[in-house]
Each structure stands twice: as structure tokens, then as C-alpha cells.
file work09.txt (compact mmCIF, C-alpha atoms)
# COMPACT_ATOMS: atom_id res chain seq x y z
CA MET A 1 0.00 0.00 0.00
CA ILE A 2 1.20 3.54 -0.75
CA LEU A 3 0.29 6.74 1.07
CA ILE A 4 -0.21 10.02 -0.82
CA ALA A 5 -0.35 13.33 1.03
CA ASP A 6 -1.63 16.67 -0.26
CA SER A 7 -0.65 19.18 2.40
CA GLY A 8 -1.40 22.84 2.94
CA SER A 9 -0.87 25.06 5.94
CA THR A 10 -4.43 24.42 7.14
CA LYS A 11 -4.94 20.70 6.51
CA THR A 12 -3.34 17.61 5.02
CA ASP A 13 -5.28 14.92 3.14
CA TRP A 14 -3.69 11.45 3.30
CA CYS A 15 -4.95 8.91 0.78
CA MET A 16 -4.20 5.19 1.19
CA VAL A 17 -3.94 3.38 -2.15
CA ASP A 18 -3.73 -0.38 -2.68
CA GLY A 19 -2.92 -1.05 -6.32
CA LYS A 20 -5.27 1.29 -8.14
CA GLU A 21 -7.92 1.36 -5.43
CA LYS A 22 -8.32 3.98 -2.72
CA VAL A 23 -8.79 2.20 0.60
CA GLY A 24 -9.10 5.20 2.89
CA VAL A 25 -8.60 8.93 3.37
CA VAL A 26 -7.48 10.62 6.59
CA THR A 27 -7.37 14.36 7.21
CA THR A 28 -4.97 15.92 9.71
CA GLN A 29 -3.91 19.45 10.44
CA GLY A 30 -1.58 21.02 7.93
CA ILE A 31 2.12 20.21 7.82
CA ASN A 32 4.58 22.91 6.80
CA PRO A 33 8.25 22.35 7.69
CA PHE A 34 8.88 26.08 7.33
CA HIS A 35 6.66 26.78 10.35
CA GLN A 36 6.86 23.47 12.28
CA ASP A 37 9.82 21.66 13.79
CA ASP A 38 10.42 17.91 13.48
CA GLU A 39 8.89 17.17 16.88
CA GLU A 40 5.61 18.87 15.99
CA ILE A 41 5.40 17.05 12.66
CA GLN A 42 6.06 13.72 14.36
CA ARG A 43 3.31 14.49 16.85
CA ILE A 44 0.81 15.10 14.06
CA LEU A 45 1.79 11.85 12.36
CA HIS A 46 1.62 9.70 15.49
CA VAL A 47 -1.44 11.29 17.09
CA GLU A 48 -3.65 12.34 14.16
CA LEU A 49 -2.71 10.01 11.28
CA MET A 50 -1.44 6.61 12.32
CA PRO A 51 -4.26 5.67 14.74
CA LYS A 52 -6.71 6.05 11.83
CA MET A 53 -4.78 3.86 9.41
CA ALA A 54 -5.98 0.57 10.93
CA ASP A 55 -2.44 -0.87 11.09
CA ARG A 56 -2.16 -0.94 7.30
CA LYS A 57 1.41 -1.52 6.14
CA VAL A 58 2.84 1.37 4.12
CA GLU A 59 5.41 0.58 1.44
CA ALA A 60 5.98 4.12 0.14
CA VAL A 61 4.97 7.69 0.98
CA PHE A 62 4.51 10.49 -1.55
CA PHE A 63 4.21 13.86 0.19
CA TYR A 64 3.31 17.09 -1.62
CA GLY A 65 3.41 20.24 0.49
CA ALA A 66 2.70 23.94 0.12
CA GLY A 67 5.91 25.94 0.11
CA LEU A 68 8.12 22.85 0.29
CA ARG A 69 11.31 24.44 -0.99
CA GLN A 70 14.30 22.45 -2.21
CA GLU A 71 16.27 22.89 1.01
CA MET A 72 13.42 21.41 3.07
CA LYS A 73 12.83 18.26 1.04
CA ASP A 74 15.53 16.10 2.64
CA ARG A 75 14.39 17.12 6.11
CA MET A 76 10.78 16.23 5.32
CA LYS A 77 11.85 12.89 3.83
CA GLY A 78 13.78 12.14 7.01
CA VAL A 79 10.84 12.93 9.28
CA LEU A 80 8.45 10.78 7.26
CA GLY A 81 10.96 7.97 6.87
CA LYS A 82 11.48 7.84 10.63
CA ALA A 83 7.74 7.80 11.31
CA PHE A 84 7.07 4.98 8.83
CA GLY A 85 10.04 2.78 9.59
CA GLY A 86 12.40 3.70 6.77
CA VAL A 87 10.06 3.16 3.82
CA ASP A 88 10.68 4.92 0.51
CA VAL A 89 9.65 8.56 0.79
CA GLU A 90 9.30 11.27 -1.85
CA ALA A 91 8.71 14.86 -0.69
CA GLU A 92 7.90 17.50 -3.31
CA SER A 93 6.22 20.87 -3.68
CA ASP A 94 2.50 21.26 -4.10
CA LEU A 95 3.21 22.75 -7.54
CA LEU A 96 4.84 19.53 -8.77
CA GLY A 97 1.94 17.64 -7.18
CA ALA A 98 -0.52 19.79 -9.11
CA ALA A 99 1.40 19.22 -12.35
CA ARG A 100 1.46 15.44 -11.86
CA ALA A 101 -2.23 15.43 -10.99
CA LEU A 102 -3.22 17.57 -13.97
CA PHE A 103 -0.90 16.22 -16.67
CA GLY A 104 0.45 12.88 -15.49
CA ARG A 105 3.57 12.36 -17.61
CA GLN A 106 2.43 14.73 -20.36
CA SER A 107 3.52 18.36 -20.46
CA GLY A 108 1.91 21.76 -20.08
CA VAL A 109 1.41 24.66 -17.68
CA ALA A 110 0.06 23.70 -14.25
CA CYS A 111 -1.72 26.36 -12.19
CA ILE A 112 -2.87 26.50 -8.57
CA LEU A 113 -5.64 29.00 -7.80
CA GLY A 114 -6.85 28.96 -4.21
CA THR A 115 -6.24 31.41 -1.38
CA GLY A 116 -2.93 32.07 -3.16
CA SER A 117 -1.81 31.29 -6.70
CA ASN A 118 1.13 29.69 -8.46
CA SER A 119 2.06 28.26 -11.85
CA GLY A 120 4.80 26.24 -13.48
CA LEU A 121 5.90 25.00 -16.90
CA TYR A 122 6.01 21.19 -16.62
CA ASP A 123 7.88 18.96 -19.07
CA GLY A 124 6.20 15.73 -17.96
CA GLN A 125 8.77 15.12 -15.26
CA ASP A 126 9.87 18.37 -13.62
CA ILE A 127 8.85 22.00 -13.23
CA ILE A 128 11.30 23.67 -15.60
CA ALA A 129 10.11 27.28 -15.23
CA ASN A 130 8.21 29.09 -12.49
CA THR A 131 7.09 32.70 -12.29
CA PRO A 132 7.46 33.72 -8.61
CA PRO A 133 3.95 34.14 -7.16
CA LEU A 134 5.21 36.73 -4.58
CA GLY A 135 2.19 36.57 -2.26
CA TYR A 136 -1.00 38.59 -2.20
CA ILE A 137 0.70 42.00 -1.71
CA LEU A 138 3.14 41.85 -4.62
CA GLY A 139 1.52 39.16 -6.73
CA ASP A 140 -0.82 36.15 -6.40
CA GLU A 141 -2.96 37.42 -9.25
CA GLY A 142 -5.95 35.14 -9.82
CA SER A 143 -6.06 34.05 -6.19
CA GLY A 144 -8.90 34.33 -3.70
CA ALA A 145 -6.90 36.76 -1.58
CA VAL A 146 -6.26 39.15 -4.46
CA LEU A 147 -9.84 38.85 -5.69
CA GLY A 148 -11.05 39.64 -2.16
CA LYS A 149 -8.67 42.61 -1.95
CA ALA A 150 -10.00 44.05 -5.20
CA PHE A 151 -13.61 43.44 -4.13
CA LEU A 152 -13.29 45.04 -0.70
CA GLY A 153 -11.34 47.98 -2.11
CA ALA A 154 -14.06 48.69 -4.66
CA LEU A 155 -16.76 48.13 -2.03
CA CYS A 156 -15.30 50.55 0.52
CA LYS A 157 -14.61 53.21 -2.13
CA GLY A 158 -18.26 53.14 -3.26
CA LEU A 159 -17.49 51.73 -6.72
CA LEU A 160 -20.00 48.88 -6.55
CA PRO A 161 -23.82 49.07 -6.67
CA LYS A 162 -25.34 50.27 -3.40
CA ASP A 163 -27.68 47.28 -3.05
CA LEU A 164 -24.73 44.91 -3.43
CA THR A 165 -22.74 46.84 -0.82
CA THR A 166 -25.69 46.75 1.58
CA ALA A 167 -26.17 43.02 1.02
CA PHE A 168 -22.51 42.32 1.80
CA PHE A 169 -22.44 44.39 4.97
CA GLN A 170 -25.66 42.77 6.18
CA SER A 171 -24.63 39.19 5.40
CA SER A 172 -21.08 39.53 6.77
CA GLY A 173 -21.83 41.68 9.79
CA LEU A 174 -18.89 43.88 8.80
CA ASP A 175 -18.47 47.57 8.12
CA THR A 176 -15.56 49.54 6.68
CA ALA A 177 -13.86 49.92 10.06
CA ALA A 178 -14.08 46.17 10.73
CA ILE A 179 -12.65 45.40 7.29
CA ILE A 180 -9.68 47.69 7.90
CA GLN A 181 -9.13 46.10 11.31
CA ALA A 182 -9.17 42.58 9.82
CA VAL A 183 -6.82 43.46 6.96
CA TYR A 184 -4.25 45.59 8.77
CA ARG A 185 -4.30 44.46 12.41
CA GLN A 186 -5.43 40.84 12.55
CA PRO A 187 -3.38 37.73 11.69
CA LEU A 188 -3.79 35.92 8.34
CA PRO A 189 -5.38 38.76 6.35
CA ASN A 190 -4.99 36.70 3.17
CA ARG A 191 -7.50 34.17 4.50
CA PHE A 192 -9.87 36.96 5.50
CA LEU A 193 -9.67 38.49 2.03
CA ALA A 194 -10.24 35.11 0.37
CA SER A 195 -13.28 34.44 2.57
CA THR A 196 -15.20 37.07 0.58
CA THR A 197 -15.11 34.92 -2.57
CA ARG A 198 -18.16 32.93 -1.45
CA PHE A 199 -20.23 36.13 -1.54
CA ILE A 200 -18.68 37.12 -4.87
CA HIS A 201 -19.54 33.74 -6.38
CA GLU A 202 -23.14 34.03 -5.19
CA HIS A 203 -23.52 37.43 -6.90
CA LEU A 204 -21.77 36.89 -10.24
CA GLN A 205 -24.90 38.08 -12.02
CA VAL A 206 -23.85 41.61 -11.02
CA PRO A 207 -21.88 42.92 -14.05
CA GLU A 208 -19.38 44.85 -11.93
CA LEU A 209 -18.49 41.73 -9.95
CA ARG A 210 -18.22 39.57 -13.03
CA ASP A 211 -15.85 42.09 -14.61
CA LEU A 212 -13.79 42.24 -11.42
CA VAL A 213 -13.33 38.43 -11.40
CA LEU A 214 -12.53 38.33 -15.12
CA GLN A 215 -9.92 41.07 -14.74
CA ASN A 216 -8.31 39.22 -11.82
CA PHE A 217 -7.91 36.10 -13.97
CA ARG A 218 -6.67 38.07 -16.98
CA LEU A 219 -3.94 39.55 -14.79
CA PHE A 220 -3.00 36.02 -13.70
CA PHE A 221 -2.36 35.02 -17.32
CA GLN A 222 -0.69 38.31 -18.27
CA ARG A 223 1.75 38.44 -15.34
CA ASN A 224 2.42 34.76 -14.69
CA LEU A 225 1.97 32.69 -17.85
CA VAL A 226 3.14 35.08 -20.57
CA PRO A 227 6.78 34.68 -19.39
CA TYR A 228 6.64 30.97 -20.34
CA ARG A 229 6.20 31.90 -23.96
CA GLY A 230 9.31 32.14 -26.06
CA LEU A 231 11.18 29.50 -24.05
CA GLY A 232 11.39 27.19 -27.04
CA PHE A 233 9.19 24.66 -25.28
CA LYS A 234 6.52 22.92 -27.30
CA ALA A 235 4.16 20.74 -25.32
CA GLY A 236 0.61 19.51 -25.49
CA ALA A 237 -1.74 17.05 -23.87
CA ASP A 238 -5.43 16.37 -24.19
CA ALA A 239 -7.93 15.70 -21.44
CA HIS A 240 -8.68 12.09 -22.40
CA GLY A 241 -9.15 9.95 -19.35
CA PHE A 242 -10.68 12.76 -17.33
CA LYS A 243 -14.44 12.94 -16.98
CA ALA A 244 -16.44 15.96 -15.92
CA ASP A 245 -17.83 15.22 -12.46
CA SER A 246 -18.25 16.91 -9.09
CA ASP A 247 -14.47 17.39 -8.73
CA CYS A 248 -13.34 17.91 -12.34
CA LYS A 249 -14.41 20.15 -15.23
CA VAL A 250 -13.32 19.49 -18.82
CA PHE A 251 -13.37 22.23 -21.46
CA GLU A 252 -13.14 21.99 -25.23
CA ALA A 253 -9.91 23.77 -26.05
CA GLY A 254 -7.12 23.36 -28.54
CA ALA A 255 -3.46 24.06 -27.98
CA ASP A 256 -2.62 27.77 -28.17
CA ALA A 257 -0.24 29.26 -30.68
CA HIS A 258 2.69 28.46 -28.43
CA GLY A 259 1.94 24.76 -28.23
CA PHE A 260 1.19 24.18 -24.56
CA LYS A 261 -2.04 23.60 -22.71
CA VAL A 262 -3.04 25.12 -19.40
CA ARG A 263 -4.71 23.23 -16.56
CA ALA A 264 -5.63 24.40 -13.08
CA VAL A 265 -6.43 23.04 -9.64
CA GLY A 266 -7.85 24.70 -6.53
CA SER A 267 -11.09 26.05 -5.11
CA ILE A 268 -10.99 29.40 -6.92
CA ALA A 269 -10.14 27.78 -10.25
CA TYR A 270 -12.94 25.25 -9.80
CA TYR A 271 -15.81 27.47 -8.62
CA PHE A 272 -14.99 30.27 -11.07
CA SER A 273 -13.96 27.90 -13.87
CA GLU A 274 -16.17 29.41 -16.59
CA LEU A 275 -14.67 32.86 -16.09
CA LEU A 276 -11.17 31.39 -15.81
CA ALA A 277 -11.66 29.69 -19.18
CA GLU A 278 -12.97 32.92 -20.67
CA ALA A 279 -9.96 34.86 -19.38
CA ALA A 280 -7.62 32.23 -20.78
CA GLN A 281 -9.22 32.50 -24.22
CA VAL A 282 -9.08 36.31 -24.19
CA GLU A 283 -5.37 36.19 -23.32
CA GLY A 284 -4.61 33.56 -25.97
CA PHE A 285 -4.17 30.50 -23.76
CA SER A 286 -5.83 27.10 -23.90
CA LEU A 287 -7.49 25.84 -20.69
CA ASP A 288 -8.96 22.35 -21.03
CA LEU A 289 -9.14 20.96 -17.48
CA VAL A 290 -9.89 22.25 -13.98
CA MET A 291 -9.77 20.14 -10.80
CA GLN A 292 -11.06 21.04 -7.37
CA SER A 293 -8.44 18.89 -5.64
CA PRO A 294 -5.26 17.22 -6.95
CA MET A 295 -5.79 13.95 -5.05
CA GLU A 296 -7.65 12.00 -7.75
CA GLY A 297 -5.01 12.92 -10.27
CA LEU A 298 -2.19 11.99 -7.88
CA VAL A 299 -3.77 8.58 -7.25
CA ARG A 300 -3.93 8.11 -11.02
CA PHE A 301 -0.29 9.18 -11.40
CA HIS A 302 1.12 6.93 -8.67
CA SER A 303 -1.04 3.95 -9.63
call {"tool": "encode", "arguments": {"input": "work09.txt", "output": "C-alpha cells"}}
result
Amino acid sequence: MILIADSGSTKTDWCMVDGKEKVGVVTTQGINPFHQDDEEIQRILHVELMPKMADRKVEAVFFYGAGLRQEMKDRMKGVLGKAFGGVDVEAESDLLGAARALFGRQSGVACILGTGSNSGLYDGQDIIANTPPLGYILGDEGSGAVLGKAFLGALCKGLLPKDLTTAFFQSSGLDTAAIIQAVYRQPLPNRFLASTTRFIHEHLQVPELRDLVLQNFRLFFQRNLVPYRGLGFKAGADAHGFKADSDCKVFEAGADAHGFKVRAVGSIAYYFSELLAEAAQVEGFSLDLVMQSPMEGLVRFHS
């Protein structure tokens, strides 16, 4: 049996796979070696994960983590190897995990659009180019945090319809002072900003909101994917083998003029997929697949 982990700062999903069959999924708190020491990670593994695995024998662990930089990979492999008795361990970034989930061993541009955003040019084996996402202050275009920032800025400046502004203040229980407090004086303002995307999604029929979302996605393509052009890299893959269901959306799209396809994973990409596809087309890119979570694709890859 193999164990596949998709880890963010908030939670980690662990999927147990026997052959090609999923035999169980366990969720623990997030694991991030940048913020947690080895002792804390071991505690999570021994207290939150292993008791729920029903003594199943693990032969290999594949761990994909948010922000897992190169210098942290060996440390993470050592922690996991110690916890699971020296089994084979692979520890990689969530971006490589997204690429493997979206493209398998084909090539293309893999995108993550959630609270933050990221992208990478994938050759079927490695990420060979990456535009630095830079976080929600300097970058993260296309993300929930940046979308929320644009929405709240327009809201507080009186640039959105009054009935929409009233509806948001009433449903959220916030006012301008509370918004400023949450953004500038409370911890994790990126999560607060991204939390507004549920309201935005529920009111996409408002033209001003729809335009705001579309512009956010267009900036994502303009500032993050355009640099991959001109690298002399020709790649393409189709979406065969993926079926549109509750966790996956397939679009009819051909390769763009530069040869590569674009695929995306994450909550923002998934719930705003129609507008993401429209933005891609406007900017001259080809989006043919959006996943809510990378886990199904990772199970496919490692099986």
C-alpha cells in the first residue's frame, strides 16, 4: 500500500492506495516544515494520522506540500521515513503535485488557484520554469486573496452598486472599520480576504463583480503565464481519461499558438472555472481541465 499526502498550511489529506484502489482517506492538520519543527510534525503523524490507518502496512509515501522548498525536502523525507520505519519517501512541492495530478507524464502549464496562486511550466517530469507568485501583496494574481482585496477595495470606495454593498455588509456583519481592522491588524489577512469569494460567487450576475473576477484572472495570465512563452518549449496534452464530475471540469480547447495547454487546480479555479476559461481565451491560452483537488489525479499518477 502507498500513502499520498496533499498538504497545505491548514490541513493535510492522506490517501491510502492499494494497487489502483483507494482504501481510505485521513485528514490531519496542515504540515509545513517552514513553520513546524520535526517534533511537531512527528506528533501530528503519530497522534492524528497513524491511529486512523488501521495498522495498514505502508510501502511508500509520496508527500506534496505547500511551500516545500528544495532545502526542506531532505528534512521532510527524514521525518516521514522515521515515522514509517524507513520506507521509501518522496517529498515534493504542491506545484509539482498539481502538475502530476493535472498532466500525469504529459507536459503543459500547471496552475494553482486557491487562497494564493502559483504556476509552473512542466515537461512531464519536472517544473522547468516558475514565475514567482510573490504573495498577495506583490503578486498572487488570480487568487482568492487578491480577488477579495479588489472586491473590498471597490466596495469601501463606493465603486459597486449600493444594493450589493448593503447586502454584503448585512450578510457579513462587517463595516468599513471592521474590514480595515481585519486586513491591517489581525493575523492571516490573506485568508480573510479570500473568505469574501463565497459572496462574490453568489452574486456573479452583477456585471461589476463579473468584470472584477474576469480582470483578476486576466492579470493572472498576463503576469504569470506570458513569461513561459518564447522559451522554445513545445508541449501539449489532451484531457482524455478525465471525466467531468463533481471534482473535475473538462473544457473543449485546442493548444494555443505556443503549443502548450493550461490546466488548473484549486477552489478558486474550480468554482470560477467558466470565467477562468474565458480569461484564458481572451489572453490567448488554452485551458482544457480544472480540478477542485489534486488527489484523484495523484492517485492516477502513482497507480
call {"tool": "residues_near_point", "arguments": {"input": "work09.txt", "point": "(-11.3, 41.5, -16.4)", "cutoff": "12 Å", "atoms": "all atoms listed in the file", "output": "list in words"}}
result
Glu141, Gly142, Leu147, Ala150, Pro207, Glu208, Leu209, Arg210, Asp211, Leu212, Val213, Leu214, Gln215, Asn216, Phe217, Arg218, Leu219, Phe220, Phe221, Gln222, Leu275, Leu276, Glu278, Ala279, Ala280, Val282 and Glu283 of chain A
call {"tool": "axis_aligned_box", "arguments": {"input": "work09.txt", "around": "segment 53-62 of chain A", "padding_each_side": "3 Å", "output": "AutoDock Vina command-line options"}}
result
--center_x 0.0 --center_y 4.5 --center_z 4.8 --size_x 18.0 --size_y 18.0 --size_z 18.6
call {"tool": "closest_residue", "arguments": {"input": "work09.txt", "among": "A:Arg263, A:Lys77, A:Leu193, A:Gly135", "to": "Gln106 of chain A", "atoms": "all atoms listed in the file"}}
result
A:Arg263
call {"tool": "atom_distance", "arguments": {"input": "work09.txt", "atom1": "atom CA of Thr10 of chain A", "atom2": "atom CA of Gly144 of chain A"}}
result
15.4 Å
call {"tool": "residues_around", "arguments": {"input": "work09.txt", "residues": "segment 151-166 of chain A", "least_positions_apart": "2", "cutoff": "12 Å", "atoms": "all atoms listed in the file", "output": "VMD selection string"}}
result
chain A and resid 144 to 149 168 to 180 182 to 183 192 to 213 215 to 216
call {"tool": "closest_residue", "arguments": {"input": "work09.txt", "among": "A:Leu138, A:Leu49, A:Met291, A:Leu225", "to": "Lys261 of chain A", "atoms": "all atoms listed in the file"}}
result
A:Leu225
call {"tool": "closest_residue", "arguments": {"input": "work09.txt", "among": "A:Ser267, A:Thr28, A:Gln186, A:Asn224", "to": "His46 of chain A", "atoms": "all atoms listed in the file"}}
result
A:Thr28
call {"tool": "closest_residue", "arguments": {"input": "work09.txt", "among": "A:Val89, A:Ala269, A:Ser293, A:Leu287", "to": "Asp247 of chain A", "atoms": "all atoms listed in the file"}}
result
A:Ser293
call {"tool": "residues_around", "arguments": {"input": "work09.txt", "residues": "Ala98 of chain A", "least_positions_apart": "2", "cutoff": "10 Å", "atoms": "all atoms listed in the file", "output": "PyMOL selection string"}}
result
chain A and resi 6+64+93-96+100-104+110-112+119-120+263-266+291+293-295+297-298
call {"tool": "closest_residue", "arguments": {"input": "work09.txt", "among": "A:Met76, A:Ile31, A:Ile137, A:Val26", "to": "Pro51 of chain A", "atoms": "only C-alpha atoms"}}
result
A:Val26
call {"tool": "atom_distance", "arguments": {"input": "work09.txt", "atom1": "atom CA of Val87 of chain A", "atom2": "atom CA of Glu59 of chain A"}}
result
5.8 Å
call {"tool": "atom_distance", "arguments": {"input": "work09.txt", "atom1": "atom CA of Asp288 of chain A", "atom2": "atom CA of Ile268 of chain A"}}
result
15.9 Å
call {"tool": "closest_residue", "arguments": {"input": "work09.txt", "among": "A:Gly108, A:Arg229, A:Ala66, A:Arg223", "to": "Leu289 of chain A", "atoms": "only C-alpha atoms"}}
result
A:Gly108
call {"tool": "residues_near_point", "arguments": {"input": "work09.txt", "point": "(3.0, 11.7, 15.5)", "cutoff": "12 Å", "atoms": "all atoms listed in the file", "output": "ChimeraX atom specification"}}
result
/A:28-29,31,38-52,79-80,82-84
call {"tool": "decode", "arguments": {"input": "work09.txt", "residues": "segment 124-149 of chain A", "atoms": "N, CA, C and O atoms", "output": "mmCIF file, in the first residue's frame"}}
result
data_model
loop_
_atom_site.group_PDB
_atom_site.id
_atom_site.type_symbol
_atom_site.label_atom_id
_atom_site.label_comp_id
_atom_site.auth_asym_id
_atom_site.auth_seq_id
_atom_site.Cartn_x
_atom_site.Cartn_y
_atom_site.Cartn_z
ATOM 1 N N GLY A 124 6.604 17.123 -18.107
ATOM 2 C CA GLY A 124 6.196 15.731 -17.962
ATOM 3 C C GLY A 124 6.959 15.017 -16.877
ATOM 4 O O GLY A 124 6.612 13.890 -16.501
ATOM 5 N N GLN A 125 7.969 15.698 -16.334
ATOM 6 C CA GLN A 125 8.772 15.118 -15.264
ATOM 7 C C GLN A 125 9.082 16.135 -14.173
ATOM 8 O O GLN A 125 8.969 15.831 -12.982
ATOM 9 N N ASP A 126 9.469 17.339 -14.578
ATOM 10 C CA ASP A 126 9.865 18.367 -13.623
ATOM 11 C C ASP A 126 9.238 19.707 -13.980
ATOM 12 O O ASP A 126 8.832 19.941 -15.120
ATOM 13 N N ILE A 127 9.195 20.602 -12.987
ATOM 14 C CA ILE A 127 8.849 22.002 -13.230
ATOM 15 C C ILE A 127 10.114 22.673 -13.750
ATOM 16 O O ILE A 127 11.109 22.785 -13.039
ATOM 17 N N ILE A 128 10.082 23.117 -14.993
ATOM 18 C CA ILE A 128 11.298 23.669 -15.598
ATOM 19 C C ILE A 128 11.290 25.195 -15.649
ATOM 20 O O ILE A 128 12.315 25.804 -15.976
ATOM 21 N N ALA A 129 10.174 25.821 -15.318
ATOM 22 C CA ALA A 129 10.108 27.275 -15.227
ATOM 23 C C ALA A 129 8.977 27.640 -14.277
ATOM 24 O O ALA A 129 7.920 27.002 -14.285
ATOM 25 N N ASN A 130 9.208 28.663 -13.467
ATOM 26 C CA ASN A 130 8.207 29.089 -12.485
ATOM 27 C C ASN A 130 8.282 30.599 -12.313
ATOM 28 O O ASN A 130 9.328 31.137 -11.983
ATOM 29 N N THR A 131 7.164 31.269 -12.578
ATOM 30 C CA THR A 131 7.086 32.697 -12.287
ATOM 31 C C THR A 131 6.825 32.861 -10.792
ATOM 32 O O THR A 131 5.841 32.319 -10.283
ATOM 33 N N PRO A 132 7.666 33.588 -10.061
ATOM 34 C CA PRO A 132 7.462 33.724 -8.608
ATOM 35 C C PRO A 132 6.089 34.300 -8.291
ATOM 36 O O PRO A 132 5.731 35.371 -8.816
ATOM 37 N N PRO A 133 5.291 33.627 -7.461
ATOM 38 C CA PRO A 133 3.947 34.138 -7.156
ATOM 39 C C PRO A 133 3.970 35.407 -6.311
ATOM 40 O O PRO A 133 3.113 36.264 -6.457
ATOM 41 N N LEU A 134 4.922 35.528 -5.376
ATOM 42 C CA LEU A 134 5.211 36.734 -4.584
ATOM 43 C C LEU A 134 4.183 37.084 -3.514
ATOM 44 O O LEU A 134 4.321 38.111 -2.837
ATOM 45 N N GLY A 135 3.142 36.275 -3.321
ATOM 46 C CA GLY A 135 2.187 36.571 -2.257
ATOM 47 C C GLY A 135 1.162 37.613 -2.669
ATOM 48 O O GLY A 135 1.278 38.280 -3.700
ATOM 49 N N TYR A 136 0.165 37.802 -1.800
ATOM 50 C CA TYR A 136 -1.000 38.595 -2.195
ATOM 51 C C TYR A 136 -0.734 40.107 -2.220
ATOM 52 O O TYR A 136 -1.535 40.864 -2.761
ATOM 53 N N ILE A 137 0.399 40.570 -1.664
ATOM 54 C CA ILE A 137 0.700 41.998 -1.707
ATOM 55 C C ILE A 137 1.395 42.358 -3.017
ATOM 56 O O ILE A 137 1.034 43.329 -3.692
ATOM 57 N N LEU A 138 2.383 41.566 -3.401
ATOM 58 C CA LEU A 138 3.140 41.854 -4.617
ATOM 59 C C LEU A 138 2.680 41.062 -5.829
ATOM 60 O O LEU A 138 3.031 41.403 -6.951
ATOM 61 N N GLY A 139 1.920 40.012 -5.615
ATOM 62 C CA GLY A 139 1.525 39.158 -6.731
ATOM 63 C C GLY A 139 0.268 38.378 -6.423
ATOM 64 O O GLY A 139 -0.741 38.936 -6.011
ATOM 65 N N ASP A 140 0.321 37.049 -6.635
ATOM 66 C CA ASP A 140 -0.820 36.151 -6.402
ATOM 67 C C ASP A 140 -2.045 36.530 -7.217
ATOM 68 O O ASP A 140 -3.196 36.287 -6.793
ATOM 69 N N GLU A 141 -1.821 37.111 -8.380
ATOM 70 C CA GLU A 141 -2.958 37.422 -9.253
ATOM 71 C C GLU A 141 -3.766 36.150 -9.501
ATOM 72 O O GLU A 141 -3.219 35.071 -9.614
ATOM 73 N N GLY A 142 -5.078 36.283 -9.596
ATOM 74 C CA GLY A 142 -5.953 35.139 -9.817
ATOM 75 C C GLY A 142 -6.378 34.429 -8.562
ATOM 76 O O GLY A 142 -7.282 33.592 -8.594
ATOM 77 N N SER A 143 -5.762 34.752 -7.434
ATOM 78 C CA SER A 143 -6.058 34.053 -6.188
ATOM 79 C C SER A 143 -7.293 34.617 -5.497
ATOM 80 O O SER A 143 -7.776 35.712 -5.808
ATOM 81 N N GLY A 144 -7.772 33.866 -4.503
ATOM 82 C CA GLY A 144 -8.895 34.333 -3.702
ATOM 83 C C GLY A 144 -8.547 35.560 -2.887
ATOM 84 O O GLY A 144 -9.384 36.460 -2.705
ATOM 85 N N ALA A 145 -7.317 35.615 -2.386
ATOM 86 C CA ALA A 145 -6.901 36.765 -1.582
ATOM 87 C C ALA A 145 -6.876 38.044 -2.403
ATOM 88 O O ALA A 145 -7.341 39.100 -1.956
ATOM 89 N N VAL A 146 -6.337 37.967 -3.609
ATOM 90 C CA VAL A 146 -6.260 39.154 -4.461
ATOM 91 C C VAL A 146 -7.639 39.544 -4.980
ATOM 92 O O VAL A 146 -7.967 40.729 -5.085
ATOM 93 N N LEU A 147 -8.466 38.556 -5.278
ATOM 94 C CA LEU A 147 -9.839 38.849 -5.685
ATOM 95 C C LEU A 147 -10.581 39.540 -4.549
ATOM 96 O O LEU A 147 -11.290 40.533 -4.757
ATOM 97 N N GLY A 148 -10.416 39.023 -3.322
ATOM 98 C CA GLY A 148 -11.054 39.644 -2.164
ATOM 99 C C GLY A 148 -10.551 41.051 -1.919
ATOM 100 O O GLY A 148 -11.322 41.950 -1.559
ATOM 101 N N LYS A 149 -9.254 41.270 -2.126
ATOM 102 C CA LYS A 149 -8.671 42.608 -1.949
ATOM 103 C C LYS A 149 -9.292 43.595 -2.936
ATOM 104 O O LYS A 149 -9.653 44.723 -2.565
#
